[in-house]
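Q: If it helps, the file is called entry.cif and holds mmCIF, C-alpha atoms:
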data_entry
loop_
_atom_site.label_atom_id
_atom_site.label_comp_id
_atom_site.auth_asym_id
_atom_site.auth_seq_id
_atom_site.Cartn_x
_atom_site.Cartn_y
_atom_site.Cartn_z
CA GLY T 1084 105.29 73.05 126.58
CA ILE T 1085 103.78 75.27 123.90
CA PRO T 1086 104.13 73.73 120.40
CA SER T 1087 106.21 75.67 117.94
CA MET T 1088 104.53 77.54 115.10
CA ALA T 1089 106.15 75.14 112.63
CA THR T 1090 104.47 72.22 114.41
CA ALA T 1091 101.16 74.09 114.59
CA ALA T 1092 101.42 74.93 110.89
CA ALA T 1093 102.05 71.30 110.01
CA ASP T 1094 98.80 70.39 111.78
CA LEU T 1095 96.69 72.87 109.79
CA LYS T 1096 93.93 71.20 107.83
CA THR T 1097 92.90 74.17 105.72
CA ASP T 1098 94.07 74.72 102.14
CA GLU T 1099 92.46 78.16 102.27
CA VAL T 1100 95.70 79.76 103.48
CA LEU T 1101 98.64 78.70 101.31
CA TYR T 1102 102.28 78.97 102.39
CA ASP T 1103 105.21 78.98 99.99
CA VAL T 1104 108.90 79.72 100.51
CA SER T 1105 111.32 80.82 97.81
CA GLY T 1106 114.80 81.78 98.95
CA HIS T 1107 114.39 84.08 101.94
CA VAL T 1108 110.80 85.10 101.06
CA ALA T 1109 107.62 83.50 102.39
CA THR T 1110 104.43 84.06 100.37
CA ILE T 1111 101.13 83.60 102.21
CA THR T 1112 98.06 83.40 99.96
CA ILE T 1113 94.43 83.77 101.04
CA ASN T 1114 92.90 81.02 98.93
CA ARG T 1115 89.12 81.07 99.03
CA PRO T 1116 88.31 82.54 95.61
CA ASP T 1117 84.82 81.05 95.41
CA HIS T 1118 83.85 83.18 98.43
CA GLN T 1119 85.75 86.35 97.40
CA ASN T 1120 88.50 85.36 99.84
CA THR T 1121 86.31 86.21 102.82
CA ILE T 1122 87.92 85.05 106.06
CA SER T 1123 86.29 82.22 108.02
CA GLY T 1124 87.07 81.30 111.63
CA PRO T 1125 89.50 78.48 110.74
CA MET T 1126 91.21 80.81 108.25
CA LEU T 1127 91.84 83.39 110.98
CA GLU T 1128 93.71 80.76 112.96
CA ALA T 1129 95.58 79.48 109.91
CA LEU T 1130 96.61 82.98 108.82
CA THR T 1131 97.88 83.84 112.30
CA THR T 1132 99.82 80.57 112.47
CA ARG T 1133 101.43 81.11 109.07
CA LEU T 1134 102.44 84.69 109.89
CA LEU T 1135 104.06 83.59 113.15
CA GLN T 1136 105.72 80.63 111.43
CA ALA T 1137 107.35 82.95 108.89
CA ASN T 1138 108.39 85.41 111.58
CA GLU T 1139 110.03 82.68 113.67
CA ASP T 1140 111.93 81.14 110.74
CA PRO T 1141 115.47 82.60 110.74
CA GLU T 1142 115.72 81.95 106.99
CA ILE T 1143 112.71 84.14 106.18
CA ARG T 1144 113.65 87.80 105.73
CA ALA T 1145 110.43 89.14 104.15
CA ILE T 1146 106.77 88.07 103.97
CA VAL T 1147 104.43 88.66 101.02
CA LEU T 1148 100.67 88.47 101.71
CA THR T 1149 98.35 88.11 98.72
CA GLY T 1150 95.06 86.57 97.54
CA SER T 1151 94.01 84.19 94.79
CA GLY T 1152 91.30 84.89 92.25
CA ARG T 1153 89.38 88.14 91.72
CA PHE T 1154 89.67 89.54 95.26
CA PHE T 1155 92.44 90.12 97.75
CA CYS T 1156 89.96 89.79 100.60
CA ALA T 1157 86.32 90.90 100.74
CA GLY T 1158 86.24 90.91 104.54
CA LEU T 1159 85.08 88.51 107.23
CA ASP T 1160 82.73 85.62 106.42
CA LEU T 1161 79.35 87.14 107.20
CA ARG T 1162 77.22 84.16 106.16
CA GLY T 1163 75.08 82.29 108.66
CA GLY T 1164 77.13 80.26 111.10
CA GLY T 1165 80.24 82.26 110.26
CA ILE T 1166 82.18 84.75 112.33
CA ALA T 1167 79.41 87.35 112.32
CA SER T 1168 76.86 85.18 114.09
CA GLY T 1169 79.41 84.44 116.80
CA LEU T 1170 80.22 88.11 117.25
CA SER T 1171 76.61 89.28 117.24
CA SER T 1172 75.01 86.53 119.32
CA GLN T 1173 73.61 87.52 122.70
CA ARG T 1174 75.97 85.04 124.36
CA SER T 1175 78.99 86.97 123.12
CA SER T 1176 79.88 90.07 125.10
CA PRO T 1177 82.70 92.48 124.19
CA ALA T 1178 84.68 91.18 127.18
CA SER T 1179 84.72 87.69 125.64
CA LEU T 1180 86.38 88.77 122.39
CA ASP T 1181 90.14 88.20 122.41
CA LEU T 1182 91.74 90.05 119.51
CA ARG T 1183 95.34 89.64 120.69
CA ASN T 1184 96.05 86.71 118.42
CA THR T 1185 94.08 87.75 115.35
CA PRO T 1186 95.97 88.42 112.09
CA PRO T 1187 96.00 92.27 112.10
CA THR T 1188 97.24 92.36 115.72
CA VAL T 1189 99.86 89.70 114.95
CA LEU T 1190 100.88 91.54 111.77
CA HIS T 1191 101.59 94.69 113.78
CA SER T 1192 103.91 92.83 116.16
CA LEU T 1193 106.00 91.00 113.52
CA ASP T 1194 109.64 92.03 113.18
CA THR T 1195 109.92 90.53 109.69
CA PRO T 1196 108.97 93.05 106.95
CA THR T 1197 105.57 92.43 105.36
CA ILE T 1198 104.45 93.36 101.85
CA CYS T 1199 100.83 93.16 100.73
CA ALA T 1200 100.35 92.28 97.07
CA LEU T 1201 96.85 93.66 96.52
CA ASN T 1202 96.10 91.50 93.49
CA SER T 1203 92.58 92.92 93.52
CA SER T 1204 90.09 94.69 95.75
CA ALA T 1205 90.00 94.62 99.54
CA ALA T 1206 86.99 95.52 101.67
CA GLY T 1207 86.40 95.89 105.40
CA TYR T 1208 88.57 93.43 107.28
CA GLY T 1209 90.55 92.84 104.09
CA MET T 1210 91.39 96.55 103.93
CA ASP T 1211 92.57 96.53 107.55
CA LEU T 1212 94.66 93.44 106.78
CA ALA T 1213 96.33 95.23 103.86
CA LEU T 1214 96.91 98.37 105.95
CA GLY T 1215 98.55 96.21 108.62
CA CYS T 1216 101.39 95.32 106.25
CA ASP T 1217 104.46 97.55 106.03
CA ILE T 1218 104.28 98.08 102.27
CA ARG T 1219 101.45 97.72 99.74
CA ILE T 1220 101.69 97.01 96.00
CA MET T 1221 98.29 97.47 94.32
CA ALA T 1222 96.82 96.26 91.05
CA ASP T 1223 95.65 99.14 88.85
CA ALA T 1224 92.04 97.92 88.75
CA ALA T 1225 91.85 97.15 92.49
CA LYS T 1226 89.98 99.19 95.08
CA LEU T 1227 90.02 99.64 98.85
CA ALA T 1228 86.52 99.71 100.33
CA ALA T 1229 86.25 101.22 103.83
CA ALA T 1230 82.70 99.94 104.09
CA PHE T 1231 82.59 99.59 107.90
CA THR T 1232 80.17 102.36 108.87
CA ALA T 1233 77.92 101.43 105.95
CA ARG T 1234 77.56 98.00 107.62
CA GLY T 1235 77.00 99.34 111.12
CA VAL T 1236 80.47 98.56 112.46
CA VAL T 1237 83.85 100.22 112.96
CA PRO T 1238 87.22 99.27 111.40
CA GLU T 1239 87.73 96.50 113.94
CA SER T 1240 91.24 95.42 113.08
CA GLY T 1241 93.48 98.45 113.17
CA GLY T 1242 92.06 100.89 110.62
CA THR T 1243 91.14 103.56 113.16
CA TRP T 1244 94.71 103.45 114.51
CA ILE T 1245 96.56 103.18 111.18
CA LEU T 1246 94.67 105.55 108.87
CA PRO T 1247 95.08 108.77 110.93
CA ARG T 1248 98.81 108.01 111.19
CA LEU T 1249 99.13 107.34 107.46
CA LEU T 1250 96.94 110.16 106.17
CA GLY T 1251 96.40 112.71 108.92
CA TRP T 1252 93.13 113.23 110.77
CA SER T 1253 91.04 114.99 108.13
CA LYS T 1254 91.54 112.49 105.28
CA ALA T 1255 91.24 109.49 107.60
CA ALA T 1256 88.03 110.89 109.06
CA GLU T 1257 86.58 111.49 105.60
CA ILE T 1258 87.31 107.93 104.45
CA ILE T 1259 86.10 106.20 107.61
CA PHE T 1260 82.99 108.31 108.20
CA THR T 1261 81.80 108.05 104.57
CA GLY T 1262 82.68 104.37 104.12
CA ARG T 1263 84.09 105.36 100.75
CA THR T 1264 85.62 103.05 98.13
CA LEU T 1265 89.01 104.25 96.88
CA PRO T 1266 90.35 103.38 93.40
CA ALA T 1267 94.02 102.47 92.99
CA ASP T 1268 95.13 105.85 91.61
CA GLU T 1269 93.63 107.66 94.61
CA CYS T 1270 95.25 105.15 96.99
CA GLU T 1271 98.62 105.90 95.41
CA LYS T 1272 98.03 109.66 95.50
CA LEU T 1273 97.12 109.50 99.21
CA GLY T 1274 100.16 107.37 100.01
CA LEU T 1275 98.09 104.36 101.09
CA VAL T 1276 100.09 102.19 98.68
CA SER T 1277 103.69 102.39 97.47
CA HIS T 1278 103.14 101.38 93.84
CA VAL T 1279 100.26 100.72 91.44
CA VAL T 1280 101.07 98.18 88.72
CA PRO T 1281 99.18 96.12 86.11
CA ALA T 1282 97.25 93.34 87.86
CA GLU T 1283 99.33 90.54 86.38
CA GLU T 1284 102.52 92.13 87.75
CA THR T 1285 101.32 92.70 91.32
CA LEU T 1286 102.67 89.55 92.97
CA ALA T 1287 105.93 89.54 91.00
CA THR T 1288 106.54 93.21 91.92
CA ALA T 1289 105.91 92.49 95.61
CA GLN T 1290 108.17 89.42 95.55
CA ALA T 1291 110.94 91.33 93.78
CA LEU T 1292 110.77 94.01 96.47
CA ALA T 1293 110.82 91.30 99.15
CA GLU T 1294 113.95 89.82 97.56
CA GLU T 1295 115.59 93.26 97.48
CA ILE T 1296 114.87 93.65 101.20
CA SER T 1297 116.20 90.14 101.81
CA GLY T 1298 119.57 91.17 100.38
CA ASN T 1299 120.19 93.47 103.35
CA ALA T 1300 121.29 92.46 106.85
CA PRO T 1301 118.14 90.86 108.34
CA MET T 1302 118.85 91.79 111.96
CA ALA T 1303 119.35 95.42 110.94
CA VAL T 1304 116.17 95.44 108.84
CA GLN T 1305 114.14 93.91 111.67
CA ALA T 1306 115.64 96.30 114.22
CA SER T 1307 114.75 99.21 111.94
CA LYS T 1308 111.15 98.04 111.77
CA ARG T 1309 111.06 97.62 115.54
CA MET T 1310 112.40 101.15 116.01
CA MET T 1311 109.84 102.60 113.57
CA ARG T 1312 107.02 100.87 115.46
CA MET T 1313 108.29 102.08 118.85
CA GLY T 1314 108.87 105.58 117.51
CA MET T 1315 105.18 106.07 116.80
CA ASN T 1316 104.55 106.37 120.54
CA GLU T 1317 107.82 107.87 121.82
CA THR T 1318 109.33 111.29 122.27
CA PHE T 1319 112.30 112.04 120.01
CA ASP T 1320 114.81 111.96 122.91
CA ASP T 1321 113.54 108.58 124.15
CA HIS T 1322 113.61 107.23 120.62
CA VAL T 1323 117.22 108.28 119.96
CA HIS T 1324 118.22 106.57 123.20
CA HIS T 1325 116.49 103.33 122.16
CA VAL T 1326 118.09 103.45 118.71
CA PHE T 1327 121.52 103.69 120.34
CA LEU T 1328 120.75 100.67 122.53
CA GLN T 1329 119.64 98.79 119.41
CA LEU T 1330 122.90 99.66 117.63
CA LEU T 1331 125.18 98.19 120.29
CA PRO T 1332 124.46 94.49 119.60
CA LEU T 1333 124.45 95.14 115.84
CA PHE T 1334 128.02 96.45 116.09
CA GLN T 1335 129.00 93.03 117.48
CA SER T 1336 127.32 91.05 114.68
CA GLU T 1337 129.00 89.18 111.86
CA ASP T 1338 126.66 90.96 109.46
CA PHE T 1339 128.01 94.37 110.52
CA LYS T 1340 131.57 93.20 109.79
CA GLU T 1341 130.43 91.81 106.44
CA GLY T 1342 128.57 95.01 105.60
CA MET T 1343 131.67 97.12 106.22
CA ALA T 1344 133.99 94.66 104.45
CA SER T 1345 131.76 94.46 101.37
CA PHE T 1346 131.62 98.26 101.21
CA MET T 1347 135.40 98.61 101.41
CA GLU T 1348 135.93 95.80 98.88
CA LYS T 1349 133.23 97.14 96.54
CA ARG T 1350 131.34 93.84 96.36
CA LYS T 1351 127.87 92.55 97.16
CA ALA T 1352 127.43 91.65 100.81
CA GLU T 1353 126.52 88.08 101.82
CA PHE T 1354 124.61 88.38 105.06
CA LYS T 1355 124.06 85.39 107.35
CA GLY T 1356 121.64 86.88 109.84
CA ARG T 1357 123.99 86.60 112.79
#
Can you give me the file's structure in the form of structure tokens?
A:
Amino acid sequence: GIPSMATAAADLKTDEVLYDVSGHVATITINRPDHQNTISGPMLEALTTRLLQANEDPEIRAIVLTGSGRFFCAGLDLRGGGIASGLSSQRSSPASLDLRNTPPTVLHSLDTPTICALNSSAAGYGMDLALGCDIRIMADAAKLAAAFTARGVVPESGGTWILPRLLGWSKAAEIIFTGRTLPADECEKLGLVSHVVPAEETLATAQALAEEISGNAPMAVQASKRMMRMGMNETFDDHVHHVFLQLLPLFQSEDFKEGMASFMEKRKAEFKGR
């Protein structure tokens, strides 16, 4: 059979993607500071495995993604022998590239809420990775660099899908076509990030938000995220129908009974995720 993500994670040999659990929150850290947290081939696999591991763990109710050192992520590893040579070699045709299990694609399919703690700047692939999370908390000195077209490529990991939906066509087109670098205050003004905070508070702010989310009924939170994702490609009438179908099993859950009881008894709810 297919090994579980927990087993796969236990077999990982890289210390360049760290995994830490506190309460109901998993923190995944890109840990390659000497190379500006650029993503190598083994790191892609490790990051995917860790994201899926967190999503499959019933105890994890929120995921925080961050970086160590002076960068969140400066993109893919473009040095010789890295990902770029594999992508650009004559032996590699577009048909041979399987992006289904790469981190941005996996991020989009997770039901567990994801928060990006942009401890510092993100460029290229790192920007797409940040945009793939549900919520972004950004350090005040950090920047988002949409440098794709300036390097002769396109936003390969979701940016062309996400940005027009986040910003509207005109602003997204301006950012992508110019390859512009956006400071934190502009990111906040545009709505690309939820909050801008002092750099030293970025991770703590993201983790506090993750803990706040974790205090709510996890099945309801995950269903809400699922409905939001589906709603981006549905008519309103279809969406309302799907929401109703999603409500039916929630009405039968222990968490629903606890939510109602805690409200009536004016106390904090203790959700079990079942």
Q: Quick one: which residues end up in the PyMOL selection byres ((chain T and resi 1194-1205) around 6) for this structure, as a PyMOL selection string?
A: chain T and resi 1138+1145-1149+1154-1157+1193+1206+1209-1210+1213+1216-1222+1225-1227+1285-1286+1289+1305
Q: Could you check how far CA of Val1280 in chain T sits from CA of Asp1223 in chain T, in Å to one decimal?
A: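 We find that CA of Val1280 in chain T and CA of Asp1223 in chain T lie 5.5 Å from each other.
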Q: Within 12 Å of Leu1130 in chain T, counting only C-alpha atoms, which residues show up once you throw out same-chain ones fewer than 2 positions away? Write them as JSON, numbers by chain, please.
A: {"T": [1088, 1091, 1092, 1095, 1097, 1098, 1099, 1100, 1101, 1102, 1110, 1111, 1112, 1113, 1114, 1122, 1123, 1124, 1125, 1126, 1127, 1128, 1132, 1133, 1134, 1135, 1136, 1137, 1148, 1149, 1150, 1184, 1185, 1186, 1187, 1188, 1189, 1190, 1212]}
Q: Running the PyMOL selection byres ((chain T and resi 1335-1347) around 12) on this model by hand, what would come out? Give it as number ranges by chain.
A: T: 1298-1304, 1329-1334, 1348-1357
Q: Print the selection's residues with C-alpha atoms to a file, as a PDB file, in the coordinates of the input.
A:
ATOM      1  CA  GLY T1298     119.570  91.170 100.380  1.00  0.00           C
ATOM      2  CA  ASN T1299     120.190  93.470 103.350  1.00  0.00           C
ATOM      3  CA  ALA T1300     121.290  92.460 106.850  1.00  0.00           C
ATOM      4  CA  PRO T1301     118.140  90.860 108.340  1.00  0.00           C
ATOM      5  CA  MET T1302     118.850  91.790 111.960  1.00  0.00           C
ATOM      6  CA  ALA T1303     119.350  95.420 110.940  1.00  0.00           C
ATOM      7  CA  VAL T1304     116.170  95.440 108.840  1.00  0.00           C
ATOM      8  CA  GLN T1329     119.640  98.790 119.410  1.00  0.00           C
ATOM      9  CA  LEU T1330     122.900  99.660 117.630  1.00  0.00           C
ATOM     10  CA  LEU T1331     125.180  98.190 120.290  1.00  0.00           C
ATOM     11  CA  PRO T1332     124.460  94.490 119.600  1.00  0.00           C
ATOM     12  CA  LEU T1333     124.450  95.140 115.840  1.00  0.00           C
ATOM     13  CA  PHE T1334     128.020  96.450 116.090  1.00  0.00           C
ATOM     14  CA  GLU T1348     135.930  95.800  98.880  1.00  0.00           C
ATOM     15  CA  LYS T1349     133.230  97.140  96.540  1.00  0.00           C
ATOM     16  CA  ARG T1350     131.340  93.840  96.360  1.00  0.00           C
ATOM     17  CA  LYS T1351     127.870  92.550  97.160  1.00  0.00           C
ATOM     18  CA  ALA T1352     127.430  91.650 100.810  1.00  0.00           C
ATOM     19  CA  GLU T1353     126.520  88.080 101.820  1.00  0.00           C
ATOM     20  CA  PHE T1354     124.610  88.380 105.060  1.00  0.00           C
ATOM     21  CA  LYS T1355     124.060  85.390 107.350  1.00  0.00           C
ATOM     22  CA  GLY T1356     121.640  86.880 109.840  1.00  0.00           C
ATOM     23  CA  ARG T1357     123.990  86.600 112.790  1.00  0.00           C
TER      24      ARG T1357
END
Q: Have a look at CA of Leu1265 in chain T and CA of Thr1121 in chain T and let me know their distance in Å, one decimal.
A: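 For CA of Leu1265 in chain T relative to CA of Thr1121 in chain T, the distance reads 19.2 Å.
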Q: Can you work out the spacing between CA of Leu1246 in chain T and CA of Leu1214 in chain T in Å, to one decimal?
A: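 Separating CA of Leu1246 in chain T from CA of Leu1214 in chain T is a distance of 8.1 Å.
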Q: With a distance cut-off of 7 Å and all atoms listed in the file, select the neighbouring residues of His1107 in chain T, excluding the residue or stretch itself and same-chain residues fewer than 5 positions from it, and output the selection as number ranges by chain.
A: T: 1142-1145, 1297
Q: Around range 1246-1264 of chain T, with edges along x, y and z and 6 Å added on all six sides, what centre and edge lengths do you get, in Å to one decimal, as lines of an AutoDock Vina configuration file?
A:
center_x = 90.5
center_y = 109.0
center_z = 104.7
size_x = 29.3
size_y = 23.9
size_z = 25.1
Q: Which residues match the PyMOL selection byres ((chain T and resi 1273) around 12) in the file above, as an NGL selection string?
A: :T and (1246-1247 or 1249-1251 or 1254-1255 or 1258 or 1265-1272 or 1274-1278)
Q: Which residue, T:Arg1312, T:His1324, T:His1191, T:Arg1153, has the smallest gap to Ala1224 in chain T when you use all atoms listed in the file?
A: T:Arg1153
